[in-house]
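**Student:** There's a structure below that I have some questions on.
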Amino acid sequence: MPTPRRWRGALAPTSSFSALVLLSLLSVGEARAQEAGDPSGAAVAAPAPSSGVVPPVLVSKPEAVYPPEALATKVEGAVKLLLTLDEEGRVTRAQVVEGLGHGLDEAAVDALAKARFTPAMQDGTPVACQFEFIHHFVLTRPPESAPQEVAETPATVDEAPEAEAPAEPSAESKSPAFTSIVRGKATEARVLVRGSEAVDVVELEKAHARAEDLAEVLTRASAVQVQRTGGLGSRTQLSLGGLSGDQVRVLLDGVPIEYSPYVYGLGSVPVSLIRQMEVFNGVVPVRLATDALGGAIHLRSDLAAAQTGASLSLQAGSFGSYRGTGRATWRAGEHVFLRAAGFHDRARNDYRITVPVDDPVTGRVGPRSLNRSHDAYRGSGGSLEVGVESLPGLDRLVLTGYLGQYDKEVPHDPLMIRPYGAVTSGQESYGVGLRYEVSAHERLKVLAIAGYNQRIGELYDVSNCLYDWYGVCRGTQARAGEIASSPLENTQKRRALFGRVRLLGTLFDAEDLELSLGADDSERTGQNAYLTRLGQEDPLRIPLGLTSGFGGLSHRQTAWEGRLENTLFVKGYVQRFDSGTNARLSETRWAGGFGDTLRFSLTRWLLLKASYERATRMPRVEELFGDGGLLAENTALAPESSHNANLGVELLSWVTPVGRFGANASAGLRDIENLIQLFPGDTTQAYENVDHARSVCAHAGVDWDAPGDWVGLTGAVTWLHFKNLAREGQFARFHGDRMPNMPWLQASGTARFQVSRLLSRDDALVLEWTTRVVGSFDRSWQSVGQGGAKAGVDTQVLHSTALTYRARHERRAYSFSFNLHNLTDAAAFDLVGVQRPGRALSARLTVDL
């Protein structure tokens, strides 16, 4: 788990969850300021806690203007704000948490937005942080009549000694006095990192400025292997501990990614719209309410508070690639907000490939370099949110609508053996969602999600031409269809209703008990228009139904003043599929699971972790019934199950005179029964069960930042040994073979050089160099073929570099980035041997307002 997921200010755990959150505060102190020109208005902060954390200190006094409306009605009181400070003590965001109205909220925001602080310090290193400010508006009066209010502080928090406060303003003072009580706030990412779960947290703030996508960031910053099957718009392939496809679930803000505009997969998600990625290795928490075998990737876009502002990102690159992303938020008072986001991508993907081509003169077949043809892509979509929050009996209620549409040309068969010239595909996804949060009781919090989604998939293959790799029709065949022996004019519709409910209860510690429930009910219909016109039987017209249910219960315990944290959980799964054939195929399946996660803190910055889960995953509709085109059906698929175990050690932000270090090492075992594996064929591909398989993986990462942050190094390596141990079934003859299409090694290293304050006080120029190594792998079973006859992919070494300039002016931020991918133009391949783009240049401009 390398540097992107590190938190410089991480603190030691405590004996309860509430203490875990609150004792990681950067400060518990008090500051008072008065009217301009009064020497007694200097800020005062509490002494630093003994944990090495120095709180920020107010160094410039915000000038709050009492609104005329509030003066006329003599309104006084407190405005609570959530402030975000950067590493230099600047206020980057001010949000009203509890307001007074009458113009006082706006006055408080304007005042605090101009405030300056000394940076919060962790072991001598400046850190970004968030604070709650309680800003009291008080009409001028004699000192003895001024209100005396103290911030609420849970009894579990040890108060720092209170510093002596300056005198209150005199009666002659004409400017209102105010008191700001500062309290730090632990972020969700910090709590995750210090918890017991086997999780990598990848922060994306810096990635927003670079011309790269989520797949590239994820590959560098975790043990996940992510590869495209081609250029922009191609499918992304995920592998975690050797497990891939739907075995590694991808979720967006708590729901599967297919219930979103980004139905085309992880590669279609704009990086600028995601704030954080959470990678769960093998053991999936019950709060995600999903069945997964290898782990889960949780994308978070909902971490930022709704504040009025906008952002625009434009990117252009080689092979006709263009990406545009925009988002805007409007805050209507303290309770209502409106958010919108949209994206548009397009690409020709005409990069150079080397394929065997017939010589027109001699007729001999030999390798030839040419431009890839018939691989264009276009995608666009957006979402709109309307929300209300902080109302009596309601924490938050958000209604979301979204739409995504994708068109993609299919250039060849799955193994890149036979070229296509007229096959096209398309995807469309739209729906609505509703999110609800309420603190029903001081010991109970309820979070619920419900929604409707409809997806439409299209696959057209109606040409009778025989195309070559140049995209030229060299002949014709009697019947149309390049993929199969008959044309495909397939349209499929899938409608789904889904819901998730989380109940967070408090037995002994805050939110130490959690119950999660989830349900998905979907149906699929479709048709092949070609078969319909001929009056022939169309298998796509058979309606398919799939209902899935999930239930999970977890309890977290802490001991030894929080040094030990343990979470025990149980899970249950149910699935029913129904096919409306004449024989009417239907079946209901039940399964259960359980597990435990454990964390022990040797010191404040050194953690030991262990986790185990008996996991089960039910087959998906496409795995059972195919897609009527490139994916064949296999209704005999059985659910897959696995014993997943992890051991790890983490060094969190160890500050030394020569810089800040972080490191981690982990090992994982996956012992799998009835493994569901995708096996590509000459024209189509299908999912099959492998009776028994075992994956052993190890991952290590290290990062270092020099004092002053002018240079940094990050490295990660993942080793994988994934073997087939089947003794029954069709794969028993390959017993002992390594699983095909699984590289045994993945490694990456990044060197970063940064120069700050080039043109202004708030800018930086960053140069990064990244080298990635992907180990060799076989494209078929290890025991098939000998010597040069074996189909495989050699070790790949790929280099890339990026130059990024970013600047900030008040609340506005700008960045411009150049990226050069695959610098040496080395041959690059995906996990089944399809050639990926060579050297490519891209540039990205981002503006935040």
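Labels for the structure tokens follow display order: chains A, B, ..., residues from 1 in each chain, ligands from 1.
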For Arg556 of chain A, work out the shell of residues within 10 Å, counting only C-alpha atoms and skipping chain neighbours fewer than 6 positions away, then give it as a PyMOL selection string.

**Tutor:** chain A and resi 16-17+196+507-514+565-569+596-598

**Student:** As a tab-separated table (two decimals) with C-alpha atoms, in the first residue's frame, please: the residues near Ser548 of chain A (cut-off 8 Å, only C-alpha atoms, same-chain neighbours under 6 positions excluded).

**Tutor:**
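The resulting out-v3.tsv:
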chain	number	residue	atom	x	y	z
A	519	ALA	CA	-31.61	-6.80	-2.46
A	520	ASP	CA	-31.50	-6.71	-6.27
A	521	ASP	CA	-34.33	-7.81	-8.51
A	573	TYR	CA	-26.74	-14.92	0.56
A	574	VAL	CA	-29.75	-15.99	-1.45
A	575	GLN	CA	-30.22	-16.09	-5.22
A	576	ARG	CA	-33.07	-17.16	-7.45

**Student:** Could you give me, as a ChimeraX atom specification, each residue of segment 615-695 of chain A that DSSP assigns to strand (DSSP E or B) when run on this structure's backbone?

**Tutor:** /A:615-617,631,640-656,659-680,685-695

**Student:** Using Å and a single decimal, report how far atom CA of Glu810 of chain A sits from atom CA of His208 of chain A.

**Tutor:**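 A separation of 18.8 Å between them.
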
**Student:** Tell me which protein, DNA and RNA residues are within 8 Å of Phe722 of chain A, counting only C-alpha atoms, leaving out same-chain ones fewer than 4 positions away, and put them as a PyMOL selection string.

**Tutor:** chain A and resi 242+693-696+738-739+742

**Student:** Which residues of segment 251-277 of chain A have any atom within 9 Å of an atom in segment 439-453 of chain A when counting only C-alpha atoms, and what is the closest pair of atoms for each, with the distance in Å to one decimal? Order the rows by chain and rising number and write it as JSON lines.

**Tutor:**
{"residue": "A:Gly254", "atom": "CA", "partner": "A:Ile449", "partner_atom": "CA", "distance": 8.4}
{"residue": "A:Val255", "atom": "CA", "partner": "A:Ile449", "partner_atom": "CA", "distance": 8.3}
{"residue": "A:Glu258", "atom": "CA", "partner": "A:Asn453", "partner_atom": "CA", "distance": 8.5}
{"residue": "A:Tyr259", "atom": "CA", "partner": "A:Asn453", "partner_atom": "CA", "distance": 5.8}
{"residue": "A:Ser260", "atom": "CA", "partner": "A:Asn453", "partner_atom": "CA", "distance": 7.9}

**Student:** Can I get the selected residues back with N, CA, C and O atoms, as a CSV table (one decimal), in the first residue's frame?

**Tutor:**
chain,number,residue,atom,x,y,z
A,254,GLY,N,-21.4,3.0,-2.7
A,254,GLY,CA,-22.2,2.0,-2.0
A,254,GLY,C,-23.1,1.1,-2.9
A,254,GLY,O,-23.7,0.2,-2.4
A,255,VAL,N,-23.2,1.4,-4.2
A,255,VAL,CA,-24.0,0.5,-5.1
A,255,VAL,C,-23.1,0.0,-6.2
A,255,VAL,O,-22.1,0.7,-6.6
A,258,GLU,N,-22.7,-0.8,-12.2
A,258,GLU,CA,-23.6,-0.9,-13.3
A,258,GLU,C,-24.9,-0.1,-13.1
A,258,GLU,O,-25.6,0.2,-14.0
A,259,TYR,N,-25.1,0.2,-11.8
A,259,TYR,CA,-26.3,1.1,-11.5
A,259,TYR,C,-25.8,2.6,-11.5
A,259,TYR,O,-26.0,3.3,-10.6
A,260,SER,N,-25.2,3.0,-12.6
A,260,SER,CA,-24.6,4.3,-12.7
A,260,SER,C,-24.5,4.7,-14.2
A,260,SER,O,-24.7,3.8,-15.0

**Student:** Would you kindly return, as a VMD selection string, each protein, DNA or RNA residue with an atom no farther than 6 Å from any atom of Gly526 of chain A, considering only C-alpha atoms and excluding same-chain residues fewer than 4 positions away?

**Tutor:** chain A and resid 491 to 493 540 to 541

**Student:** Tell me which of A:Gly535, A:Ala111, A:Ala529, A:Ala632 sits closest to Ala484 of chain A, counting only C-alpha atoms.

**Tutor:**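 So, comparing all the options, the nearest one is A:Ala632.
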
**Student:** Taking only C-alpha atoms into account, which of A:Val702, A:Leu104, A:Val472, A:Ala189 comes nearest Glu69 of chain A?

**Tutor:**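 Smallest distance to Glu69 of chain A is found for A:Leu104.
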
**Student:** Taking the backbone alone, and naming residues the way the document does, which bits of segment 461-580 of chain A are helix (DSSP H, G or I) by DSSP, as a JSON list (two decimals) with N, CA, C and O atoms, in the first residue's frame?

**Tutor:**
[["chain", "number", "residue", "atom", "x", "y", "z"],
["A", 529, "ALA", "N", -33.15, -9.17, -34.14],
["A", 529, "ALA", "CA", -34.10, -8.73, -35.17],
["A", 529, "ALA", "C", -33.97, -9.55, -36.44],
["A", 529, "ALA", "O", -34.96, -9.74, -37.17],
["A", 530, "TYR", "N", -32.78, -10.06, -36.74],
["A", 530, "TYR", "CA", -32.59, -10.86, -37.95],
["A", 530, "TYR", "C", -33.40, -12.15, -37.86],
["A", 530, "TYR", "O", -34.13, -12.51, -38.79],
["A", 531, "LEU", "N", -33.31, -12.84, -36.71],
["A", 531, "LEU", "CA", -34.08, -14.08, -36.54],
["A", 531, "LEU", "C", -35.58, -13.80, -36.51],
["A", 531, "LEU", "O", -36.38, -14.61, -37.00],
["A", 532, "THR", "N", -35.96, -12.67, -35.93],
["A", 532, "THR", "CA", -37.37, -12.33, -35.86],
["A", 532, "THR", "C", -37.95, -12.14, -37.26],
["A", 532, "THR", "O", -39.07, -12.60, -37.56],
["A", 533, "ARG", "N", -37.22, -11.47, -38.13],
["A", 533, "ARG", "CA", -37.71, -11.25, -39.50],
["A", 533, "ARG", "C", -37.87, -12.55, -40.25],
["A", 533, "ARG", "O", -38.76, -12.70, -41.09],
["A", 534, "LEU", "N", -37.00, -13.54, -39.95],
["A", 534, "LEU", "CA", -37.10, -14.84, -40.62],
["A", 534, "LEU", "C", -38.11, -15.76, -39.97],
["A", 534, "LEU", "O", -38.37, -16.85, -40.48],
["A", 539, "PRO", "N", -33.49, -17.16, -29.10],
["A", 539, "PRO", "CA", -33.26, -17.42, -27.66],
["A", 539, "PRO", "C", -33.23, -16.15, -26.82],
["A", 539, "PRO", "O", -33.49, -16.21, -25.61],
["A", 540, "LEU", "N", -32.94, -15.00, -27.44],
["A", 540, "LEU", "CA", -32.89, -13.77, -26.66],
["A", 540, "LEU", "C", -34.27, -13.32, -26.19],
["A", 540, "LEU", "O", -34.38, -12.52, -25.26],
["A", 541, "ARG", "N", -35.32, -13.80, -26.84],
["A", 541, "ARG", "CA", -36.67, -13.39, -26.46],
["A", 541, "ARG", "C", -37.15, -14.10, -25.20],
["A", 541, "ARG", "O", -38.21, -13.75, -24.65]]

**Student:** Restricting the calculation to only C-alpha atoms: of A:Val462, A:Leu845, A:Ala700, A:Val269, which residue gets closest to Val250 of chain A?

**Tutor:** A:Val269

**Student:** Calculate how many Å separate atom CA of Asp737 of chain A from atom CA of Thr718 of chain A, rounding to one decimal.

**Tutor:**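 Atom CA of Thr718 of chain A lies 20.0 Å from atom CA of Asp737 of chain A.
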
**Student:** If we count only C-alpha atoms, what is near Ala78 of chain A at a cut-off of 8 Å, once residues fewer than 2 positions away on the same chain are taken out, given as JSON, numbers by chain?

**Tutor:** {"A": [76, 80, 99, 100, 134, 135, 136, 137]}

**Student:** Could you save those same residues with all heavy atoms as a short mmCIF file (atom, residue, chain, number, x, y, z; two decimals), in the first residue's frame?

**Tutor:**
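Writing done, so here's again.cif:
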data_model
loop_
_atom_site.label_atom_id
_atom_site.label_comp_id
_atom_site.auth_asym_id
_atom_site.auth_seq_id
_atom_site.Cartn_x
_atom_site.Cartn_y
_atom_site.Cartn_z
N GLU A 76 -28.49 37.19 17.88
CA GLU A 76 -27.19 36.72 18.32
C GLU A 76 -27.18 35.18 18.28
O GLU A 76 -28.23 34.56 18.19
CB GLU A 76 -26.90 37.19 19.75
CG GLU A 76 -26.82 38.69 19.91
CD GLU A 76 -26.56 39.05 21.36
OE1 GLU A 76 -27.30 38.58 22.23
OE2 GLU A 76 -25.59 39.78 21.60
N LYS A 80 -22.00 27.30 13.27
CA LYS A 80 -20.99 26.25 13.23
C LYS A 80 -20.57 26.04 11.78
O LYS A 80 -21.40 25.82 10.91
CB LYS A 80 -21.53 24.95 13.81
CG LYS A 80 -20.49 23.81 13.83
CD LYS A 80 -21.09 22.51 14.32
CE LYS A 80 -21.42 22.57 15.79
NZ LYS A 80 -21.85 21.22 16.29
N GLY A 99 -26.55 26.88 11.06
CA GLY A 99 -26.59 28.32 10.82
C GLY A 99 -27.67 29.03 11.61
O GLY A 99 -28.49 28.43 12.30
N LEU A 100 -27.66 30.39 11.45
CA LEU A 100 -28.62 31.25 12.13
C LEU A 100 -29.54 31.98 11.17
O LEU A 100 -30.59 32.48 11.58
CB LEU A 100 -27.88 32.30 12.98
CG LEU A 100 -27.10 31.80 14.19
CD1 LEU A 100 -26.27 32.93 14.76
CD2 LEU A 100 -28.04 31.25 15.23
N ILE A 134 -16.97 27.13 15.84
CA ILE A 134 -18.24 27.66 16.35
C ILE A 134 -18.05 29.16 16.50
O ILE A 134 -17.35 29.62 17.39
CB ILE A 134 -18.61 27.00 17.69
CG1 ILE A 134 -18.69 25.48 17.51
CG2 ILE A 134 -19.94 27.54 18.19
CD1 ILE A 134 -18.98 24.73 18.80
N HIS A 135 -18.65 29.89 15.62
CA HIS A 135 -18.44 31.33 15.49
C HIS A 135 -19.63 32.05 16.15
O HIS A 135 -20.74 32.00 15.65
CB HIS A 135 -18.33 31.69 14.01
CG HIS A 135 -17.94 33.10 13.76
ND1 HIS A 135 -16.78 33.42 13.11
CD2 HIS A 135 -18.53 34.27 14.07
CE1 HIS A 135 -16.69 34.74 13.02
NE2 HIS A 135 -17.75 35.26 13.60
N HIS A 136 -19.37 32.70 17.27
CA HIS A 136 -20.43 33.38 18.02
C HIS A 136 -20.55 34.83 17.57
O HIS A 136 -19.57 35.58 17.61
CB HIS A 136 -20.14 33.34 19.53
CG HIS A 136 -20.23 31.98 20.13
ND1 HIS A 136 -21.39 31.45 20.62
CD2 HIS A 136 -19.28 31.02 20.30
CE1 HIS A 136 -21.17 30.23 21.08
NE2 HIS A 136 -19.89 29.95 20.89
N PHE A 137 -21.74 35.22 17.17
CA PHE A 137 -22.03 36.62 16.89
C PHE A 137 -22.66 37.23 18.15
O PHE A 137 -23.70 36.75 18.63
CB PHE A 137 -23.00 36.75 15.72
CG PHE A 137 -22.32 36.58 14.39
CD1 PHE A 137 -22.27 35.33 13.79
CD2 PHE A 137 -21.73 37.65 13.75
CE1 PHE A 137 -21.65 35.17 12.56
CE2 PHE A 137 -21.10 37.50 12.53
CZ PHE A 137 -21.06 36.25 11.93
#

**Student:** Tell me, as a list of chain:residue names, which residues lie within 8 Å of Leu745 of chain A, counting only C-alpha atoms; anything in the same chain fewer than 2 positions away does not count.

**Tutor:** A:Val717, A:Thr718, A:Trp719, A:Leu720, A:Pro743, A:Ala747, A:Val773, A:Val774, A:Gly775, A:Ser776

**Student:** Please indicate the distance in Å from atom CA of Ser369 of chain A to atom CA of Tyr351 of chain A, rounded to one decimal place.

**Tutor:**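 One can read the atom CA of Ser369 of chain A to atom CA of Tyr351 of chain A distance as 10.1 Å.
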
**Student:** Give me the residues within 10 Å of Tyr406 of chain A as a ChimeraX atom specification, counting only C-alpha atoms and dropping any in the same chain fewer than 4 places off.

**Tutor:** /A:233,261-264,268,344-346,377-381,425-429,457

**Student:** Deliver the residues from the most recent selection as a file, using N, CA and C atoms, as a compact mmCIF listing (two decimals), in the first residue's frame.

**Tutor:**
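Final output, part32.txt:
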# COMPACT_ATOMS: atom_id res chain seq x y z
N GLY A 233 -11.75 3.45 -24.16
CA GLY A 233 -13.06 2.87 -24.46
C GLY A 233 -13.06 1.36 -24.46
N PRO A 261 -24.03 5.89 -14.49
CA PRO A 261 -23.77 6.20 -15.90
C PRO A 261 -22.57 5.45 -16.47
N TYR A 262 -21.74 4.85 -15.61
CA TYR A 262 -20.47 4.28 -16.05
C TYR A 262 -20.58 2.77 -16.23
N VAL A 263 -21.60 2.34 -16.94
CA VAL A 263 -21.85 0.92 -17.12
C VAL A 263 -20.75 0.27 -17.97
N TYR A 264 -19.95 1.05 -18.66
CA TYR A 264 -18.90 0.49 -19.50
C TYR A 264 -17.67 0.07 -18.70
N SER A 268 -14.27 3.90 -17.82
CA SER A 268 -15.12 4.98 -18.30
C SER A 268 -15.41 6.02 -17.22
N HIS A 344 -17.75 13.53 -21.60
CA HIS A 344 -17.81 13.11 -23.00
C HIS A 344 -16.42 12.63 -23.41
N ASP A 345 -16.35 11.42 -23.96
CA ASP A 345 -15.09 10.81 -24.41
C ASP A 345 -15.24 10.38 -25.86
N ARG A 346 -14.12 10.43 -26.59
CA ARG A 346 -14.11 9.86 -27.93
C ARG A 346 -12.68 9.53 -28.31
N TYR A 377 -14.42 4.79 -30.58
CA TYR A 377 -15.20 4.77 -29.35
C TYR A 377 -15.77 6.16 -29.07
N ARG A 378 -16.97 6.17 -28.52
CA ARG A 378 -17.58 7.43 -28.08
C ARG A 378 -18.46 7.14 -26.87
N GLY A 379 -18.33 7.96 -25.85
CA GLY A 379 -19.13 7.80 -24.64
C GLY A 379 -19.47 9.14 -24.04
N SER A 380 -20.64 9.25 -23.48
CA SER A 380 -21.05 10.49 -22.82
C SER A 380 -22.12 10.18 -21.79
N GLY A 381 -22.29 11.07 -20.85
CA GLY A 381 -23.30 10.87 -19.82
C GLY A 381 -23.23 11.96 -18.78
N SER A 425 -20.91 -2.32 -31.23
CA SER A 425 -21.63 -2.58 -29.98
C SER A 425 -22.01 -1.25 -29.33
N GLY A 426 -22.96 -1.31 -28.44
CA GLY A 426 -23.39 -0.11 -27.74
C GLY A 426 -23.96 -0.45 -26.38
N GLN A 427 -23.90 0.50 -25.48
CA GLN A 427 -24.45 0.33 -24.14
C GLN A 427 -25.14 1.64 -23.74
N GLU A 428 -26.24 1.51 -23.02
CA GLU A 428 -26.94 2.67 -22.49
C GLU A 428 -27.43 2.33 -21.10
N SER A 429 -27.27 3.27 -20.18
CA SER A 429 -27.71 3.05 -18.81
C SER A 429 -28.35 4.33 -18.29
N GLY A 457 -28.28 -2.99 -24.15
CA GLY A 457 -27.06 -3.38 -24.86
C GLY A 457 -27.37 -3.78 -26.29

**Student:** For Phe319 of chain A, which residue out of A:Pro487, A:His298, A:Leu497, A:Ala347 is the nearest one, using only C-alpha atoms?

**Tutor:**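 Of A:Pro487, A:His298, A:Leu497, A:Ala347, the one nearest Phe319 of chain A, counting only C-alpha atoms, is A:Ala347.
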
**Student:** Which residue out of A:Thr290, A:Thr846, A:Ser244, A:Ser463 has the minimum interatomic distance to Gly518 of chain A when only C-alpha atoms are used?

**Tutor:**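 Distance minimum relative to Gly518 of chain A lands on A:Thr290.
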
**Student:** A:Gly833, A:Arg300, A:Arg500, A:Asn281: which is nearest Val202 of chain A, counting only C-alpha atoms?

**Tutor:**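 Result for the nearest residue to Val202 of chain A: A:Arg300.
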